[in-house]
$ cat coords31.cif   # mmCIF, C-alpha atoms and all ligand atoms
data_final
#
loop_
_atom_site.label_atom_id
_atom_site.label_comp_id
_atom_site.auth_asym_id
_atom_site.auth_seq_id
_atom_site.Cartn_x
_atom_site.Cartn_y
_atom_site.Cartn_z
CA MET N 706 53.46 -32.20 -29.02
CA HIS N 707 53.72 -33.20 -25.36
CA TYR N 708 50.70 -34.52 -23.41
CA LYS N 709 50.26 -34.83 -19.69
CA LEU N 710 48.26 -37.91 -18.77
CA ALA N 711 46.36 -38.64 -15.54
CA LEU N 712 45.19 -42.13 -14.57
CA VAL N 713 42.25 -42.84 -12.26
CA GLY N 714 42.42 -46.56 -11.45
CA PHE N 715 45.66 -48.53 -11.52
CA GLY N 716 44.33 -52.08 -11.48
CA ASN N 717 44.54 -54.67 -14.28
CA VAL N 718 43.62 -52.13 -16.95
CA GLY N 719 45.49 -49.11 -15.57
CA LYS N 720 48.71 -51.08 -15.18
CA ALA N 721 48.41 -52.74 -18.61
CA PHE N 722 47.87 -49.29 -20.10
CA ALA N 723 50.98 -47.94 -18.35
CA ARG N 724 53.03 -50.87 -19.69
CA LEU N 725 51.66 -50.35 -23.20
CA LEU N 726 52.44 -46.63 -23.09
CA LEU N 727 56.04 -47.47 -22.25
CA ARG N 728 56.23 -50.15 -24.95
CA LYS N 729 54.83 -47.80 -27.60
CA ARG N 730 56.62 -44.65 -26.43
CA GLU N 731 59.05 -44.51 -29.36
CA ALA N 732 56.41 -45.39 -31.97
CA LEU N 733 54.09 -42.70 -30.59
CA GLU N 734 56.77 -40.10 -31.11
CA ARG N 735 57.99 -41.45 -34.44
CA GLN N 736 54.58 -41.87 -36.09
CA PHE N 737 52.46 -39.19 -34.44
CA GLY N 738 54.96 -36.76 -32.94
CA LEU N 739 53.40 -37.43 -29.51
CA THR N 740 55.39 -37.47 -26.31
CA PHE N 741 53.82 -37.93 -22.90
CA SER N 742 54.37 -37.85 -19.17
CA VAL N 743 52.06 -39.35 -16.56
CA THR N 744 51.45 -36.52 -14.11
CA GLY N 745 49.07 -38.30 -11.77
CA ILE N 746 47.76 -41.68 -10.66
CA ALA N 747 44.82 -42.19 -8.28
CA THR N 748 43.62 -45.41 -6.68
CA ALA N 749 41.20 -46.31 -3.90
CA HIS N 750 43.56 -48.18 -1.56
CA HIS N 751 47.07 -47.70 -2.96
CA GLY N 752 47.32 -43.95 -2.58
CA ILE N 753 47.26 -40.99 -4.92
CA ALA N 754 50.19 -39.18 -6.53
CA ILE N 755 50.48 -35.94 -8.43
CA GLN N 756 53.84 -35.14 -9.98
CA PRO N 757 53.71 -32.19 -12.42
CA ASN N 758 57.08 -33.13 -13.93
CA GLY N 759 56.06 -36.72 -14.53
CA ILE N 760 55.90 -39.88 -12.45
CA ALA N 761 58.63 -42.52 -12.92
CA LEU N 762 56.24 -45.03 -14.47
CA GLU N 763 58.69 -47.97 -14.67
CA ASP N 764 59.41 -47.68 -10.92
CA ILE N 765 55.72 -47.42 -10.04
CA LEU N 766 54.93 -50.52 -12.12
CA LYS N 767 57.71 -52.46 -10.38
CA LEU N 768 56.36 -51.49 -6.96
CA ALA N 769 52.84 -52.45 -8.02
CA GLU N 770 54.09 -55.85 -9.22
CA GLN N 771 55.85 -56.37 -5.86
CA GLY N 772 52.58 -55.49 -4.05
CA ASP N 773 54.34 -52.53 -2.46
CA LEU N 774 52.61 -49.53 -4.04
CA HIS N 775 52.07 -46.48 -1.83
CA LEU N 776 51.49 -43.71 -4.33
CA GLU N 777 51.36 -40.97 -1.69
CA GLU N 778 55.11 -41.49 -1.23
CA HIS N 779 55.62 -40.35 -4.83
CA SER N 780 53.40 -37.28 -4.74
CA ALA N 781 54.64 -33.68 -4.98
CA TRP N 782 51.97 -32.73 -2.42
CA PRO N 783 49.33 -34.60 -0.40
CA VAL N 784 46.06 -35.31 -2.21
CA ASN N 785 43.10 -36.13 0.03
CA SER N 786 40.70 -37.86 -2.33
CA VAL N 787 40.16 -38.96 -5.92
CA ASP N 788 37.72 -36.04 -6.25
CA ASP N 789 40.50 -33.62 -5.26
CA PHE N 790 42.83 -35.42 -7.64
CA VAL N 791 40.61 -34.91 -10.72
CA ARG N 792 40.01 -31.28 -9.71
CA SER N 793 43.71 -30.45 -9.39
CA VAL N 794 45.92 -32.82 -11.43
CA PRO N 795 47.74 -30.92 -14.19
CA ALA N 796 46.80 -33.02 -17.23
CA ASP N 797 45.55 -32.91 -20.83
CA VAL N 798 43.90 -36.35 -20.83
CA LEU N 799 42.18 -38.28 -18.04
CA PHE N 800 42.02 -42.08 -18.30
CA GLU N 801 39.25 -43.35 -16.05
CA ASN N 802 39.53 -47.06 -15.21
CA SER N 803 37.77 -47.57 -11.90
CA PRO N 804 35.32 -50.45 -11.26
CA VAL N 805 31.98 -50.39 -13.04
CA ASN N 806 28.89 -49.29 -11.12
CA HIS N 807 25.97 -50.87 -13.01
CA GLU N 808 23.27 -48.96 -11.12
CA SER N 809 24.46 -45.36 -11.44
CA GLY N 810 27.81 -45.18 -13.25
CA GLN N 811 29.23 -43.18 -10.32
CA PRO N 812 31.71 -41.99 -9.19
CA ALA N 813 33.27 -42.40 -12.66
CA ILE N 814 30.74 -40.04 -14.29
CA GLU N 815 31.73 -37.27 -11.91
CA TYR N 816 35.47 -37.83 -12.55
CA LEU N 817 34.89 -37.62 -16.32
CA ARG N 818 32.59 -34.60 -15.97
CA VAL N 819 35.22 -32.70 -13.96
CA ALA N 820 38.01 -33.68 -16.38
CA LEU N 821 36.05 -32.43 -19.39
CA SER N 822 35.02 -29.24 -17.58
CA ARG N 823 38.71 -28.61 -16.92
CA GLY N 824 39.45 -28.95 -20.65
CA MET N 825 40.87 -32.48 -20.73
CA HIS N 826 40.02 -35.29 -23.13
CA ALA N 827 38.22 -38.02 -21.14
CA VAL N 828 38.90 -41.69 -21.97
CA THR N 829 37.39 -44.66 -20.14
CA ALA N 830 37.13 -48.46 -20.28
CA ASN N 831 34.25 -48.25 -17.82
CA LYS N 832 30.77 -49.12 -19.14
CA GLY N 833 28.98 -47.33 -16.29
CA PRO N 834 29.46 -43.75 -17.54
CA LEU N 835 28.57 -44.85 -21.04
CA VAL N 836 25.10 -46.18 -20.27
CA HIS N 837 24.30 -43.63 -17.59
CA ALA N 838 25.78 -40.44 -19.06
CA TYR N 839 26.70 -40.93 -22.72
CA ARG N 840 24.72 -37.97 -24.02
CA GLU N 841 25.69 -35.62 -21.23
CA LEU N 842 29.43 -36.38 -21.43
CA THR N 843 29.49 -36.30 -25.24
CA SER N 844 27.69 -32.96 -25.27
CA LEU N 845 29.97 -31.56 -22.56
CA ALA N 846 33.01 -32.70 -24.56
CA GLY N 847 31.61 -30.93 -27.64
CA GLN N 848 31.09 -27.70 -25.68
CA VAL N 849 34.71 -27.62 -24.52
CA GLY N 850 36.17 -28.85 -27.82
CA LYS N 851 37.47 -32.11 -26.34
CA ARG N 852 36.54 -35.79 -26.74
CA PHE N 853 34.78 -38.37 -24.59
CA MET N 854 36.10 -41.78 -25.75
CA PHE N 855 35.26 -45.29 -24.55
CA GLU N 856 36.44 -47.89 -27.11
CA SER N 857 37.61 -50.40 -24.47
CA SER N 858 34.28 -50.54 -22.66
CA VAL N 859 32.81 -53.19 -25.01
CA MET N 860 34.99 -55.94 -26.57
CA ASP N 861 38.13 -54.39 -25.11
CA GLY N 862 40.40 -53.03 -27.84
CA ALA N 863 38.39 -54.27 -30.83
CA PRO N 864 37.37 -51.23 -32.90
CA ILE N 865 33.61 -51.28 -32.40
CA PHE N 866 32.71 -47.67 -31.65
CA SER N 867 35.40 -46.20 -33.90
CA LEU N 868 34.13 -48.35 -36.78
CA PHE N 869 30.92 -46.34 -36.73
CA ARG N 870 32.69 -42.96 -36.56
CA GLY N 871 34.18 -43.10 -40.05
CA PRO N 872 34.18 -46.13 -42.35
CA LEU N 873 30.38 -46.63 -42.54
CA PRO N 874 28.92 -43.31 -43.71
CA LEU N 875 25.10 -43.33 -44.15
CA ALA N 876 24.82 -47.01 -43.22
CA GLU N 877 21.82 -47.56 -40.96
CA LEU N 878 22.30 -49.93 -38.04
CA ARG N 879 19.17 -52.05 -37.52
CA GLY N 880 20.46 -54.32 -34.80
CA PHE N 881 23.19 -56.61 -33.60
CA MET N 882 23.72 -59.99 -31.98
CA GLY N 883 26.71 -61.66 -30.41
CA ILE N 884 28.60 -63.05 -27.46
CA LEU N 885 29.77 -60.14 -25.33
CA ASN N 886 30.57 -61.76 -21.98
CA SER N 887 33.78 -63.79 -21.98
CA CYS N 888 33.35 -65.24 -18.49
CA THR N 889 30.09 -67.09 -19.23
CA ASN N 890 31.45 -68.24 -22.59
CA LEU N 891 34.39 -69.82 -20.78
CA LEU N 892 32.16 -71.38 -18.09
CA LEU N 893 29.91 -73.02 -20.69
CA GLU N 894 32.96 -74.35 -22.53
CA ARG N 895 34.47 -75.77 -19.34
CA MET N 896 31.15 -77.53 -18.60
CA GLU N 897 31.28 -79.02 -22.10
CA SER N 898 34.62 -80.57 -21.16
CA GLY N 899 33.03 -82.26 -18.13
CA GLU N 900 33.46 -79.77 -15.26
CA SER N 901 30.69 -78.91 -12.84
CA PHE N 902 29.44 -75.31 -12.70
CA GLU N 903 31.39 -74.73 -9.47
CA GLN N 904 34.62 -76.21 -10.89
CA ALA N 905 34.27 -74.02 -13.98
CA VAL N 906 33.78 -70.90 -11.82
CA GLN N 907 36.83 -71.82 -9.73
CA TYR N 908 38.92 -72.20 -12.88
CA ALA N 909 37.70 -68.85 -14.28
CA GLN N 910 38.56 -67.20 -10.95
CA SER N 911 42.01 -68.82 -10.89
CA ILE N 912 42.92 -67.20 -14.25
CA GLY N 913 41.39 -63.82 -13.32
CA ILE N 914 38.41 -64.01 -15.69
CA ALA N 915 35.73 -64.37 -13.00
CA GLU N 916 35.55 -62.02 -10.02
CA THR N 917 35.33 -63.24 -6.42
CA ASP N 918 31.59 -62.62 -6.73
CA PRO N 919 30.94 -63.70 -10.33
CA SER N 920 27.19 -62.98 -10.24
CA ALA N 921 27.37 -59.92 -12.54
CA ASP N 922 28.64 -62.22 -15.30
CA ILE N 923 26.61 -65.32 -14.47
CA ASP N 924 23.30 -63.46 -14.14
CA GLY N 925 23.83 -61.60 -17.41
CA TRP N 926 24.33 -58.09 -15.99
CA ASP N 927 27.69 -57.55 -17.70
CA ALA N 928 26.23 -58.65 -21.04
CA ALA N 929 23.13 -56.48 -20.47
CA ILE N 930 25.18 -53.35 -19.78
CA LYS N 931 27.14 -53.99 -22.99
CA VAL N 932 23.89 -54.37 -24.96
CA ALA N 933 22.73 -51.10 -23.39
CA ALA N 934 26.02 -49.38 -24.31
CA LEU N 935 25.94 -50.51 -27.95
CA SER N 936 22.23 -49.64 -28.29
CA THR N 937 22.72 -46.21 -26.72
CA VAL N 938 25.76 -45.21 -28.75
CA LEU N 939 25.36 -47.03 -32.06
CA ILE N 940 21.59 -47.35 -32.54
CA GLY N 941 20.86 -44.06 -30.78
CA VAL N 942 18.23 -45.52 -28.44
CA ALA N 943 19.19 -44.77 -24.85
CA LEU N 944 18.83 -47.98 -22.87
CA LEU N 945 19.66 -48.87 -19.28
CA PRO N 946 20.85 -52.39 -18.38
CA GLN N 947 17.67 -52.82 -16.33
CA GLN N 948 15.64 -52.35 -19.55
CA VAL N 949 17.34 -55.27 -21.30
CA ALA N 950 15.35 -58.54 -20.97
CA ARG N 951 17.91 -60.61 -19.11
CA GLU N 952 18.45 -64.26 -18.29
CA GLY N 953 21.84 -65.53 -17.13
CA ILE N 954 23.31 -69.05 -17.27
CA ARG N 955 22.37 -70.31 -13.78
CA GLY N 956 19.69 -72.53 -15.27
CA ILE N 957 22.10 -74.25 -17.67
CA THR N 958 23.32 -77.52 -16.16
CA PRO N 959 26.35 -79.59 -17.24
CA GLN N 960 23.83 -82.24 -18.37
CA MET N 961 22.08 -79.74 -20.68
CA VAL N 962 25.46 -78.67 -22.05
CA GLN N 963 26.43 -82.30 -22.75
CA GLU N 964 23.08 -83.08 -24.39
CA ALA N 965 23.42 -80.06 -26.66
CA ARG N 966 26.93 -81.19 -27.59
CA GLN N 967 25.66 -84.66 -28.49
CA SER N 968 23.09 -83.14 -30.85
CA GLY N 969 25.76 -80.97 -32.52
CA LYS N 970 24.83 -77.75 -30.70
CA ARG N 971 26.40 -75.49 -28.06
CA TRP N 972 24.84 -73.37 -25.35
CA LYS N 973 25.90 -69.72 -25.57
CA LEU N 974 24.84 -66.60 -23.70
CA VAL N 975 23.55 -64.60 -26.66
CA CYS N 976 23.04 -60.82 -26.76
CA ARG N 977 20.52 -59.38 -29.19
CA ALA N 978 19.13 -55.94 -29.98
CA ARG N 979 16.92 -55.00 -32.90
CA ARG N 980 15.01 -51.94 -33.90
CA GLU N 981 11.30 -52.79 -34.46
CA GLY N 982 9.43 -49.71 -35.65
CA ASN N 983 9.90 -47.07 -32.98
CA SER N 984 10.98 -49.49 -30.28
CA LEU N 985 14.07 -51.53 -29.58
CA LEU N 986 13.95 -55.17 -28.55
CA ALA N 987 17.00 -55.98 -26.46
CA GLN N 988 17.79 -59.21 -24.66
CA VAL N 989 20.45 -61.42 -23.11
CA LYS N 990 19.52 -65.09 -23.00
CA PRO N 991 21.13 -68.55 -23.18
CA GLU N 992 20.50 -70.15 -26.56
CA GLN N 993 21.48 -73.41 -28.21
CA VAL N 994 23.34 -72.52 -31.38
CA GLU N 995 23.82 -74.76 -34.41
CA ALA N 996 27.20 -75.52 -35.97
CA THR N 997 26.26 -73.25 -38.89
CA SER N 998 25.99 -70.20 -36.60
CA PRO N 999 28.99 -67.85 -36.40
CA LEU N 1000 28.51 -68.02 -32.60
CA TYR N 1001 29.27 -71.77 -32.52
CA ALA N 1002 33.04 -71.42 -32.94
CA ILE N 1003 33.47 -68.56 -30.44
CA GLY N 1004 35.45 -70.35 -27.72
CA GLY N 1005 37.11 -69.54 -24.42
CA THR N 1006 37.22 -65.86 -23.58
CA SER N 1007 36.66 -64.71 -27.17
CA SER N 1008 33.80 -62.40 -28.11
CA TYR N 1009 31.80 -61.79 -31.24
CA VAL N 1010 29.43 -59.17 -32.53
CA GLN N 1011 27.50 -59.19 -35.78
CA PHE N 1012 25.90 -55.98 -36.96
CA GLU N 1013 22.87 -55.81 -39.21
CA LEU N 1014 23.02 -52.70 -41.38
CA ASP N 1015 20.71 -51.76 -44.23
CA THR N 1016 23.66 -51.95 -46.60
CA LEU N 1017 25.66 -54.76 -44.94
CA PRO N 1018 23.25 -57.38 -43.61
CA GLY N 1019 25.89 -59.32 -41.66
CA LEU N 1020 29.07 -57.56 -40.62
CA GLY N 1021 30.83 -59.65 -37.95
CA ILE N 1022 33.83 -58.94 -35.73
CA VAL N 1023 35.60 -61.64 -33.70
CA GLU N 1024 37.83 -60.73 -30.79
CA GLY N 1025 40.01 -63.78 -30.18
CA ASN N 1026 41.19 -64.46 -26.61
CA PRO N 1027 41.84 -60.90 -25.39
CA GLY N 1028 44.28 -60.09 -22.60
CA PRO N 1029 44.79 -56.97 -20.47
CA GLU N 1030 46.87 -55.42 -23.26
CA THR N 1031 43.86 -55.67 -25.58
CA THR N 1032 41.88 -53.38 -23.27
CA ALA N 1033 44.90 -51.12 -22.86
CA TYR N 1034 45.14 -50.87 -26.63
CA GLY N 1035 41.60 -49.48 -26.84
CA LEU N 1036 42.65 -46.70 -24.45
CA LEU N 1037 45.79 -45.98 -26.44
CA ALA N 1038 43.83 -45.89 -29.72
CA ASP N 1039 41.31 -43.51 -28.10
CA PHE N 1040 44.16 -41.26 -26.97
CA ILE N 1041 45.69 -41.09 -30.45
CA ASN N 1042 42.29 -40.67 -32.14
CA ALA N 1043 41.27 -37.93 -29.71
CA ILE N 1044 44.45 -36.00 -30.47
CA ARG N 1045 44.19 -36.37 -34.23
CA GLY N 1046 40.43 -35.80 -34.30
CA ALA N 1047 39.60 -39.23 -35.74
N1 LIG N 1101 39.86 -56.17 -16.93
C1 LIG N 1101 39.50 -56.06 -18.19
O1 LIG N 1101 40.00 -56.79 -19.05
C2 LIG N 1101 38.51 -55.01 -18.64
C3 LIG N 1101 38.09 -55.01 -19.97
C4 LIG N 1101 37.23 -53.98 -20.41
C5 LIG N 1101 36.80 -53.04 -19.52
N2 LIG N 1101 37.19 -53.10 -18.20
C6 LIG N 1101 36.74 -52.05 -17.28
O2 LIG N 1101 37.88 -51.30 -16.85
C7 LIG N 1101 37.69 -50.82 -15.52
C8 LIG N 1101 38.87 -51.25 -14.66
O3 LIG N 1101 38.95 -52.66 -14.66
P1 LIG N 1101 40.15 -53.42 -13.90
O4 LIG N 1101 40.07 -54.84 -14.32
O5 LIG N 1101 41.41 -52.67 -14.07
O6 LIG N 1101 39.67 -53.27 -12.38
P2 LIG N 1101 40.57 -53.46 -11.07
O7 LIG N 1101 41.76 -54.34 -11.36
O8 LIG N 1101 39.64 -53.83 -9.99
O9 LIG N 1101 41.16 -51.99 -10.78
C9 LIG N 1101 40.34 -50.93 -10.42
C10 LIG N 1101 41.20 -49.74 -10.02
O10 LIG N 1101 40.33 -48.66 -9.64
C11 LIG N 1101 40.65 -48.22 -8.32
N3 LIG N 1101 39.43 -47.77 -7.68
C12 LIG N 1101 38.50 -48.49 -7.01
N4 LIG N 1101 37.48 -47.71 -6.60
C13 LIG N 1101 37.79 -46.45 -7.02
C14 LIG N 1101 37.15 -45.20 -6.88
N5 LIG N 1101 36.00 -45.07 -6.25
N6 LIG N 1101 37.75 -44.12 -7.41
C15 LIG N 1101 38.94 -44.22 -8.06
N7 LIG N 1101 39.60 -45.39 -8.22
C16 LIG N 1101 39.02 -46.49 -7.71
C17 LIG N 1101 41.30 -49.41 -7.65
O11 LIG N 1101 42.12 -48.97 -6.59
P3 LIG N 1101 42.67 -50.05 -5.48
O12 LIG N 1101 43.37 -51.14 -6.26
O13 LIG N 1101 43.59 -49.27 -4.65
O14 LIG N 1101 41.46 -50.57 -4.78
C18 LIG N 1101 42.11 -50.00 -8.81
O15 LIG N 1101 43.31 -49.28 -8.96
C19 LIG N 1101 36.34 -51.40 -15.06
O16 LIG N 1101 35.34 -50.43 -15.22
C20 LIG N 1101 36.12 -52.57 -15.98
O17 LIG N 1101 34.76 -52.87 -16.16
C21 LIG N 1101 38.04 -54.05 -17.75
#
$ encode --input "coords31.cif" --output "structure tokens" --more "lines below"
Ligand SMILES: NC(=O)c1ccc[n+]([C@@H]2O[C@H](COP(=O)([O-])OP(=O)(O)OC[C@H]3O[C@@H](n4cnc5c(N)ncnc54)[C@H](OP(=O)(O)O)[C@@H]3O)[C@@H](O)[C@H]2O)c1
Amino acid sequence: MHYKLALVGFGNVGKAFARLLLRKREALERQFGLTFSVTGIATAHHGIAIQPNGIALEDILKLAEQGDLHLEEHSAWPVNSVDDFVRSVPADVLFENSPVNHESGQPAIEYLRVALSRGMHAVTANKGPLVHAYRELTSLAGQVGKRFMFESSVMDGAPIFSLFRGPLPLAELRGFMGILNSCTNLLLERMESGESFEQAVQYAQSIGIAETDPSADIDGWDAAIKVAALSTVLIGVALLPQQVAREGIRGITPQMVQEARQSGKRWKLVCRARREGNSLLAQVKPEQVEATSPLYAIGGTSSYVQFELDTLPGLGIVEGNPGPETTAYGLLADFINAIRGA
């Protein structure tokens, strides 16, 4: 079976996904009988291309690596905007990987809405649509017999959402805790090794972990939106990031980090959510964790989540030092699972 794929966003994630598609092309055909062509790519500042017979992905990746990507030069016809792109690209699956909008989830929600309405599967690594439109997009997907998938949006390619779609029938999720923001985890670790807060931020920026404006990570917004996403999808309590009690790591000084170290503890930005009667307590807060905690050993850019289920009181998943291909893998897994109905 041949699938036409359209990509909105061709940044770190979009490009890693394109590379992974090429690397797994033969295995996709051999194991699942799936072949594909990428019929469209849309960006904000690097042009938009639609090519019904398939874009030469290797060439486009080379141009992107050389910093010389002008997608409009590879388009079968001119496309004025990303909105026009999603309304007209001939595709079976839309992969939406534009930047997250914490406040509204837009314009990604609209891209995904249009894709589903046109009968495509909609796959995203973007947390915005998940917390702001999970129910609407899931219900729309159901109406058109397609899937809305988002595995990469929390803990990259680690199978968090798919875990709850099949292997845990009748298990009741009561809550979860973990480390869901890799940037702050790295900053705290760098401060443990003697760096100032500013030096740690500079290092994280130099390896592409922290953004130019790292406040979404440092102030706990990224962790809060992940708590909201997991609560909304897995616990079934719709939560916005603004409703998560949130404290970032600005108040944690290198001295505090060193003192904790000397007493055998580590500061971590800890995410928690727990069902209490009819309400849900959700928070992001720096905590000192003991050496006996599973959070203690989570270093660098790794993440961890531990679920509390009625039948499995402590089910933990570690994601060790992810890279762009880890996120790309979540998109690929979503693609395969959407096609085979998993
Ligand atoms: N990086 C990760 O490891 C990771 C992990 C999990 C989830 N995510 C999520 O994945 C998404 C993409 O992340 P990224 O690291 O690839 O970001 P990125 O490198 O900044 O790339 C974003 C891409 O989206 C395009 N874009 C910007 N505004 C757009 C708009 N309004 N409409 C359509 N396209 C637009 C950009 O085009 P130009 O380049 O032309 O401006 C660029 O191609 C984000 O939602 C992020 O939260 C990322």
$ residues_around --input "coords31.cif" --residues "Gly941 in chain N" --least-positions-apart "3" --cutoff "12 Å" --atoms "only C-alpha atoms" --output "JSON, numbers by chain"
{"N": [836, 839, 840, 869, 877, 878, 879, 880, 933, 934, 935, 936, 937, 938, 944, 979, 980, 983, 984, 985]}
$ axis_aligned_box --input "coords31.cif" --around "ligand LIG 1101 (chain N)" --padding-each-side "5 Å" --output "AutoDock Vina command-line options"
--center_x 39.2 --center_y -50.5 --center_z -12.5 --size_x 18.8 --size_y 22.7 --size_z 25.8
$ residues_around --input "coords31.cif" --residues "Asn717 in chain N" --least-positions-apart "4" --cutoff "10 Å" --atoms "only C-alpha atoms" --output "MDAnalysis selection string"
chainID N and resid 721:722 802 913 1028:1030 1032:1033
$ residues_near_ligand --input "coords31.cif" --ligand "ligand LIG 1101 (chain N)" --cutoff "7 Å" --atoms "all atoms listed in the file" --output "number ranges by chain"
N: 713-719, 747-752, 787, 802-805, 812, 830-832, 857-861, 1028-1029, 1032
$ residues_near_point --input "coords31.cif" --point "(30.7, -79.2, -18.1)" --cutoff "10 Å" --atoms "all atoms listed in the file" --output "list in words"
Leu892, Leu893, Glu894, Arg895, Met896, Glu897, Ser898, Gly899, Glu900, Ser901, Phe902, Glu903, Gln904, Ala905, Ile957, Thr958, Pro959, Gln960, Met961, Val962 and Gln963 of chain N
$ write_last_selection --input "coords31.cif" --atoms "C-alpha atoms" --output "CSV table (one decimal), keeping the file's coordinate frame"
chain,number,residue,atom,x,y,z
N,892,LEU,CA,32.2,-71.4,-18.1
N,893,LEU,CA,29.9,-73.0,-20.7
N,894,GLU,CA,33.0,-74.4,-22.5
N,895,ARG,CA,34.5,-75.8,-19.3
N,896,MET,CA,31.2,-77.5,-18.6
N,897,GLU,CA,31.3,-79.0,-22.1
N,898,SER,CA,34.6,-80.6,-21.2
N,899,GLY,CA,33.0,-82.3,-18.1
N,900,GLU,CA,33.5,-79.8,-15.3
N,901,SER,CA,30.7,-78.9,-12.8
N,902,PHE,CA,29.4,-75.3,-12.7
N,903,GLU,CA,31.4,-74.7,-9.5
N,904,GLN,CA,34.6,-76.2,-10.9
N,905,ALA,CA,34.3,-74.0,-14.0
N,957,ILE,CA,22.1,-74.2,-17.7
N,958,THR,CA,23.3,-77.5,-16.2
N,959,PRO,CA,26.4,-79.6,-17.2
N,960,GLN,CA,23.8,-82.2,-18.4
N,961,MET,CA,22.1,-79.7,-20.7
N,962,VAL,CA,25.5,-78.7,-22.0
N,963,GLN,CA,26.4,-82.3,-22.8
$ closest_residue --input "coords31.cif" --among "N:Gly1046, N:Gly871, N:Gly925, N:Gly738" --to "Thr889 in chain N" --atoms "all atoms listed in the file"
N:Gly925
$ atom_distance --input "coords31.cif" --atom1 "CA of Ala827 in chain N" --atom2 "CA of Arg852 in chain N"
6.3 Å
$ atom_distance --input "coords31.cif" --atom1 "CA of Gly745 in chain N" --atom2 "CA of Val849 in chain N"
22.0 Å
$ residues_around --input "coords31.cif" --residues "Phe790 in chain N" --least-positions-apart "4" --cutoff "9 Å" --atoms "only C-alpha atoms" --output "VMD selection string"
chain N and resid 713 745 to 747 753 to 755 784 to 786 794
$ write_last_selection --input "coords31.cif" --atoms "C-alpha atoms" --output "mmCIF file, in the coordinates of the input"
data_model
loop_
_atom_site.group_PDB
_atom_site.id
_atom_site.type_symbol
_atom_site.label_atom_id
_atom_site.label_comp_id
_atom_site.auth_asym_id
_atom_site.auth_seq_id
_atom_site.Cartn_x
_atom_site.Cartn_y
_atom_site.Cartn_z
ATOM 1 C CA VAL N 713 42.250 -42.840 -12.260
ATOM 2 C CA GLY N 745 49.070 -38.300 -11.770
ATOM 3 C CA ILE N 746 47.760 -41.680 -10.660
ATOM 4 C CA ALA N 747 44.820 -42.190 -8.280
ATOM 5 C CA ILE N 753 47.260 -40.990 -4.920
ATOM 6 C CA ALA N 754 50.190 -39.180 -6.530
ATOM 7 C CA ILE N 755 50.480 -35.940 -8.430
ATOM 8 C CA VAL N 784 46.060 -35.310 -2.210
ATOM 9 C CA ASN N 785 43.100 -36.130 0.030
ATOM 10 C CA SER N 786 40.700 -37.860 -2.330
ATOM 11 C CA VAL N 794 45.920 -32.820 -11.430
#
$ residues_around --input "coords31.cif" --residues "Val932 in chain N" --least-positions-apart "2" --cutoff "8 Å" --atoms "only C-alpha atoms" --output "PyMOL selection string"
chain N and resi 928-930+934-936+946+949+976-978+987-988
